[in-house]
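Below is one structure, written out as structure tokens; the observations come after it.
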Amino acid sequence: MSSEQEAESIRCLVAKVGLDGHDRGAHVVARAFRDAGFEVIYSGLHKSPEEIVQAAVQEDVDVLGISILSGAHDTLVPKIMDGLEEYGAKEDTLVLAGGVIPDEDREGLKEEGVAAIFGPGTSIEETIEFVRENAPQR
Amino acid sequence: MTMDADDESLLKDLLTGKHRALARTISKIENRSPGYRDLVSELYAHTGDADVIGITGSPGAGKSTLVDKLAETYRGRGETVGVIAIDPSSPFTGGAVLGDRIRMASTVGDMDVFVRSMSARGTLGGLSTATADAVKAMDAFGKDKIIIETVGAGQNEIDIVRTADTVAVLVPPGSGDDIQTLKAGILEIADVFVVNKADRDGADRTVQELREMVHLGEESGLGSGSGGHHSQEVIDAHDDWDGETDADEDEAEDWTPPIVETVATKGTGVETFIDELANHRAYLVDSGTRAEKVRQRYAEEIRTLLREDVHALLEDELDERGGIDDLADAVRRGETDPYSIANDVLAPVEACVENLETKPGEDGSGPE
């Protein structure tokens, strides 16, 4: 129908998972994504992988950005990926990781299905550009 | 209406209770994806069982926390809950931070509380249509209670919460002097008032002010939605006005909004609030007001849809004339004015419609 307006918006969940209590970086990313015209849902601190999966599925987000500073990414990220798979959401969700993630762990996370990892010093423009180019077309 | 195979299976998955299908359907609604109208029109046949509750009130009144406790209590009673949380979006970038979900802490991990955040996305009447359609999707999915939570900052919100059967307005303590309660707007749409943060200073006064306002509304016959407008002449002619009011059947069935005090952070008063929501629901059914309300809502939905379609037609018309920016520039240069432009743009549309109406009679042949 020609009269239907395009109203699509990139939806992102910015998630803090596990025990780390620092979310300044997550706030900065959420704000920058908002200013880029995305719809951002912020999870709040100390969420379990199940809670993140629940939010990602219900909100039907295109992008899930996981911020981890605690070093527990090798345990938590696979749990989130399994949860997404359970609800059939793994295939078309762009999963990003950010925070303190050592180089030697990166390959493992990518095998789990994480599309990109943004460590300290990444410019926010780079992240936004990546999301714009890689957000799933549904 | 007809759907393609993908939408057929999406509908089937939604009706069999797959969360992903509900989430995807709401996205299609929000995005106005091709075919979404056919999908929504199929949903109607499966709706009508859910209680729809609207919650509004100024920012910081504690809506999200109260909604969280409501959802928790309903879940404790074995009922499933859908929540639509509405947040504003930036008028400049369209971006939004949708933050109500954070406060839904009591029910995380429980998939039977389905929370969905929505933003305005800046289209004319678009949000209220999208919200009403998302309610349809949750209703068809089988949610027992659907809660719509809005920011409560403007007239636009009123349209949205009116999608609900019962509207609760949260009034935080100390939210202004008594003249505020006389102003038109958000307070008028309340079926239930909630003074949240009732443990704070000024709560008693706020309750008192609301009570006076509700009482005034009753006396003048202008209580919520009664539609009892009487001229001063009529009132003067009846010294025994109270008796007259009671004799009037419609007036006797009026709903008087109760005032509930809650402390959402502690869960205090939530049970009472739920009882009052149930009372209002019972009143709607018993008085026959529900049928009336549902009819009004559908009428409004039809109007909104038509307005959106006509709006789109006119946008096309504007594009053909070089776009709204050029036209606005012409006004700025003093070459024309908005009224003339509106006339010019609409004239061919009007002519076309008139032509359609008269054509069969004119040339003697029926419509093609």
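By order in the structure tokens, chains are A, B, ...; within a chain, residues start at 1; ligands start at 1, following the order shown.
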
DSSP on the backbone, helix (DSSP H, G or I) only: what residues of chain A does that give? Format it as a VMD selection string.
chain A and resid 24 to 35 49 to 58 73 to 86 103 to 112 124 to 134

Closest atom pairs, chain A residues within 7 Å of chain B, only C-alpha atoms, as a tab-separated table:
```
residue	atom	partner	partner_atom	distance
A:Ser3	CA	B:Ala312	CA	5.0
A:Glu4	CA	B:Arg32	CA	6.6
A:Gln5	CA	B:Arg32	CA	6.8
A:Glu6	CA	B:Arg32	CA	6.6
A:Ala7	CA	B:Asn31	CA	4.9
A:Glu8	CA	B:Asn31	CA	4.7
A:Arg34	CA	B:Gly95	CA	4.4
A:Asp35	CA	B:Gly95	CA	5.9
A:Ala36	CA	B:Gly95	CA	6.6
A:Gly37	CA	B:Gly95	CA	3.6
A:Phe38	CA	B:Gly95	CA	4.6
A:Glu39	CA	B:Ala96	CA	4.7
A:Val40	CA	B:Val97	CA	4.7
A:Ile41	CA	B:Leu98	CA	4.9
A:Tyr42	CA	B:Gly99	CA	6.2
A:Ser43	CA	B:Ile102	CA	5.8
A:Gly44	CA	B:Ile102	CA	5.6
A:Glu50	CA	B:Gly109	CA	6.0
A:Glu51	CA	B:Gly109	CA	5.2
A:Gln54	CA	B:Gly109	CA	6.6
A:Val57	CA	B:Arg20	CA	6.1
A:Gln58	CA	B:Ala23	CA	5.3
A:Glu59	CA	B:Arg116	CA	5.4
A:Asp60	CA	B:Ala23	CA	5.5
A:Tyr87	CA	B:Arg20	CA	6.4
```

Check the smallest atom-to-atom distance from each of B:Val135, B:Leu66, B:Ile160, B:Val194 to Pro173 of chain B using only C-alpha atoms, then report the winner.
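The closest residue to Pro173 of chain B is B:Val194.
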
Which is closest to Ile66 of chain A among A:Leu45, A:Ala97, A:Val53, A:Ala135, if we use only C-alpha atoms?
A:Ala97

Excluding same-chain residues fewer than 6 positions from segment 294-304 of chain B, what lies within 12 Å of it counting only C-alpha atoms, as a VMD selection string?
chain B and resid 44 48 52 123 to 133 159 to 166 284 to 285 288 310 to 311

Please identify the strand (DSSP E) residues within chain A (assignment by DSSP from backbone atoms) and present them as a PyMOL selection string.
chain A and resi 11-16+39-42+63-68+94-99+116-118

Excluding Glu111 of chain A and residues on its chain fewer than 2 positions from it, collect all residues at most 12 Å away from it, counting only C-alpha atoms, and give them as a ChimeraX atom specification.
/A:74,77-78,81,95,105-109,113-116

Can you tell me, as a PyMOL selection string, what residues are no more than 12 Å from Asp139 of chain B when counting only C-alpha atoms, ignoring any on the same chain fewer than 3 positions away?
chain B and resi 14-15+17+22+26+40+43-52+80-83+114+132-136+142-147

Near Ala342 of chain B, within 12 Å and counting only C-alpha atoms, which residues show up once chain neighbours fewer than 4 positions away are dropped, as a JSON list (two decimals) with N, CA, C and O atoms, in the first residue's frame?
```json
[["chain", "number", "residue", "atom", "x", "y", "z"],
["B", 314, "LEU", "N", -2.42, 13.00, 0.94],
["B", 314, "LEU", "CA", -2.09, 14.42, 0.84],
["B", 314, "LEU", "C", -0.58, 14.63, 0.77],
["B", 314, "LEU", "O", -0.11, 15.53, 0.08],
["B", 315, "GLU", "N", 0.19, 13.79, 1.48],
["B", 315, "GLU", "CA", 1.65, 13.89, 1.38],
["B", 315, "GLU", "C", 2.09, 13.64, -0.05],
["B", 315, "GLU", "O", 2.97, 14.34, -0.57],
["B", 317, "GLU", "N", 0.34, 14.17, -2.69],
["B", 317, "GLU", "CA", -0.10, 15.35, -3.43],
["B", 317, "GLU", "C", 0.92, 16.50, -3.25],
["B", 317, "GLU", "O", 1.26, 17.20, -4.20],
["B", 318, "LEU", "N", 1.39, 16.66, -2.01],
["B", 318, "LEU", "CA", 2.38, 17.70, -1.72],
["B", 318, "LEU", "C", 3.67, 17.44, -2.48],
["B", 318, "LEU", "O", 4.27, 18.36, -3.03],
["B", 321, "ARG", "N", 3.70, 18.55, -5.95],
["B", 321, "ARG", "CA", 3.79, 19.99, -6.12],
["B", 321, "ARG", "C", 5.14, 20.54, -5.68],
["B", 321, "ARG", "O", 5.27, 21.71, -5.34],
["B", 324, "ILE", "N", 6.82, 19.99, 0.49],
["B", 324, "ILE", "CA", 6.35, 20.95, 1.49],
["B", 324, "ILE", "C", 7.35, 22.08, 1.70],
["B", 324, "ILE", "O", 6.97, 23.22, 1.95],
["B", 327, "LEU", "N", 6.87, 24.84, -0.89],
["B", 327, "LEU", "CA", 5.63, 25.56, -0.63],
["B", 327, "LEU", "C", 5.80, 26.50, 0.56],
["B", 327, "LEU", "O", 5.36, 27.65, 0.53],
["B", 328, "ALA", "N", 6.46, 26.00, 1.61],
["B", 328, "ALA", "CA", 6.69, 26.82, 2.79],
["B", 328, "ALA", "C", 7.56, 28.03, 2.45],
["B", 328, "ALA", "O", 7.34, 29.14, 2.94],
["B", 331, "VAL", "N", 5.59, 30.73, 0.87],
["B", 331, "VAL", "CA", 4.88, 31.53, 1.87],
["B", 331, "VAL", "C", 5.84, 32.53, 2.50],
["B", 331, "VAL", "O", 5.52, 33.71, 2.68],
["B", 336, "THR", "N", 2.48, 33.59, -1.47],
["B", 336, "THR", "CA", 1.17, 32.97, -1.23],
["B", 336, "THR", "C", 1.00, 32.81, 0.28],
["B", 336, "THR", "O", 1.75, 33.39, 1.06],
["B", 337, "ASP", "N", -0.02, 32.04, 0.68],
["B", 337, "ASP", "CA", -0.22, 31.83, 2.11],
["B", 337, "ASP", "C", -0.71, 30.39, 2.33],
["B", 337, "ASP", "O", -1.18, 29.75, 1.39],
["B", 338, "PRO", "N", -0.58, 29.89, 3.54],
["B", 338, "PRO", "CA", -0.93, 28.49, 3.81],
["B", 338, "PRO", "C", -2.37, 28.14, 3.46],
["B", 338, "PRO", "O", -2.64, 27.03, 2.98],
["B", 346, "LEU", "N", -6.03, 20.50, -1.90],
["B", 346, "LEU", "CA", -7.19, 19.66, -1.63],
["B", 346, "LEU", "C", -8.19, 19.65, -2.79],
["B", 346, "LEU", "O", -8.91, 18.67, -2.98],
["B", 347, "ALA", "N", -8.18, 20.73, -3.59],
["B", 347, "ALA", "CA", -9.19, 20.86, -4.65],
["B", 347, "ALA", "C", -9.29, 19.64, -5.57],
["B", 347, "ALA", "O", -10.38, 19.11, -5.75],
["B", 348, "PRO", "N", -8.16, 19.16, -6.13],
["B", 348, "PRO", "CA", -8.29, 18.00, -7.02],
["B", 348, "PRO", "C", -8.79, 16.75, -6.28],
["B", 348, "PRO", "O", -9.53, 15.94, -6.87],
["B", 349, "VAL", "N", -8.43, 16.60, -5.02],
["B", 349, "VAL", "CA", -8.89, 15.44, -4.24],
["B", 349, "VAL", "C", -10.40, 15.52, -4.07],
["B", 349, "VAL", "O", -11.12, 14.54, -4.28],
["B", 350, "GLU", "N", -10.86, 16.72, -3.73],
["B", 350, "GLU", "CA", -12.30, 16.93, -3.56],
["B", 350, "GLU", "C", -13.05, 16.67, -4.85],
["B", 350, "GLU", "O", -14.07, 15.98, -4.87]]
```

Extract, using only C-alpha atoms, all DNA, RNA and protein residues at most 9 Å from Tyr283 of chain B, discarding same-chain residues fewer than 5 positions from it, and format them as a CSV table (one decimal) with N, CA, C and O atoms, in the first residue's frame.
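New file around_15.csv:
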```
chain,number,residue,atom,x,y,z
B,253,GLU,N,-26.2,5.8,37.8
B,253,GLU,CA,-25.2,4.7,37.5
B,253,GLU,C,-23.8,5.2,37.4
B,253,GLU,O,-22.9,4.5,37.0
B,255,TRP,N,-20.1,6.4,37.8
B,255,TRP,CA,-18.9,5.9,38.5
B,255,TRP,C,-18.2,7.1,39.1
B,255,TRP,O,-18.0,8.1,38.5
B,278,ALA,N,-10.8,-3.9,39.6
B,278,ALA,CA,-11.8,-4.9,39.4
B,278,ALA,C,-13.2,-4.3,39.5
B,278,ALA,O,-14.1,-4.7,38.7
B,288,GLY,N,-23.5,-1.5,31.5
B,288,GLY,CA,-23.6,-1.4,30.0
B,288,GLY,C,-22.7,-0.4,29.4
B,288,GLY,O,-22.7,-0.2,28.2
B,289,THR,N,-21.9,0.2,30.3
B,289,THR,CA,-21.0,1.3,29.8
B,289,THR,C,-19.9,0.7,28.9
B,289,THR,O,-19.3,1.3,28.0
B,290,ARG,N,-19.6,-0.6,29.2
B,290,ARG,CA,-18.5,-1.3,28.5
B,290,ARG,C,-18.8,-1.3,27.0
B,290,ARG,O,-17.9,-0.9,26.2
```

Pick from A:Val131, A:Leu64, A:Ile117, A:Ala32 nearest to Ala15 of chain A, counting only C-alpha atoms:
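Comparing A:Val131, A:Leu64, A:Ile117, A:Ala32 against Ala15 of chain A, the winner is A:Leu64.
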